[in-house]
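Structure first, commentary second.
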Amino acid sequence: MGSATLQQRQDIFELIRGIPLINIIERYSPNKVIYKAGKPWMVCPFHAEDTASLSLKGNKWHCFGCQAGGDATDFVSKLFNLKPIEAARMIANDFGFSNETDKPLTQQQRQAIQQRQNRQQLEKFWRHKVDMIAGNLAEVRRVLWLNLDKLPNLEAKAFTVELMDQTLDILEQGTLEKQIELIQSGSLERWL
Ligand SMILES: [Zn+2]
């Protein structure tokens with residue numbers, strides 16, 4: 001098992017061009033493909049954004065936010081920090097063409113990819129949790145605000161609303177670290 005010959009390398013890239021881009025991207029991306037007016041888009045994993053500005057077209061992708069783009073191999077190599085040939089081999093392996101690839105990824109590369117995928121899963125879990133909690137808190141705050149004048153101890157209640165607003169700011173616009181810290185501190189439990 002030496003290094004791949006030029007022909008073998010070309011064969012791997014050729015092989016990958018036969019797999020639909022969307023299948024490859026959906027397999028590795030932390031974000032789902034969504035359809036806008038029938039066209040596939042995705043929240044770009046290469047820059048921070050909430051709206052999907054990465055467009056998928058044929059066998060190419062392009063992000064209008066950060067201008068990243070390329071083919072399936074470019075996407076996977078950028079996502080996992082692999083050389084193009086390594087990314088191509090990983091794709092070929094994972095899509096059932098393991099006989100065609102010359103050299104598998106090293107244990108270390110596999111581990112790094114696994115770690116990254118675990119981290120993305122965990123982030124997804126927390127983002128979902130943050131969204132839910134922010135929604136619940138906004139509702140509690142709304143009800144409290146509507147009934148403010150009917151409540152005794154008006155000033156204390158107004159102060160609570162203000163505190164809730166500050167907390168909502170973190171939940172809606174803070175960094176994920178800050179949001180997790182806030183949730184884990186248990187300080188939200190007095191309201192929810
Ligand atoms: Zn981007």
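Each chain of the structure tokens is named A, B, ... in the order shown, its residues numbered from 1; ligands are numbered from 1 in display order.
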Q: Residues within 10 Å of ligand 1, counting only C-alpha atoms and all ligand atoms: report them as a ChimeraX atom specification.
A: /A:42-49,52-55,62-69
Q: Step one, run DSSP on the backbone; step two, keep only residues of stretch 66-172 of chain A assigned to helix (DSSP H, G or I); then write them as a ChimeraX atom specification.
A: /A:72-80,84-94,98-100,107-146,148-150,154-172
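Across the model, the gap from atom CA of A:Gly58 to atom CA of A:Gln10 is 20.3 Å.
As for atom CA of A:Leu171 and atom CA of A:Lys124, they are spaced 14.7 Å apart.
Of the listed residues A:Ser98, A:Asn147, A:Thr106, A:Asn136, the one whose atoms come nearest to A:Glu86 is A:Thr106, with distances taken using only C-alpha atoms.
Nearest residue to A:Glu123, choosing from A:Asn93, A:Asn23, A:Thr175, A:Asn81 and counting only C-alpha atoms: A:Thr175.
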Q) Which value, in Å to one decimal, gives the distance between atom CA of A:Gln179 and atom CA of A:Thr160? A) 19.1 Å
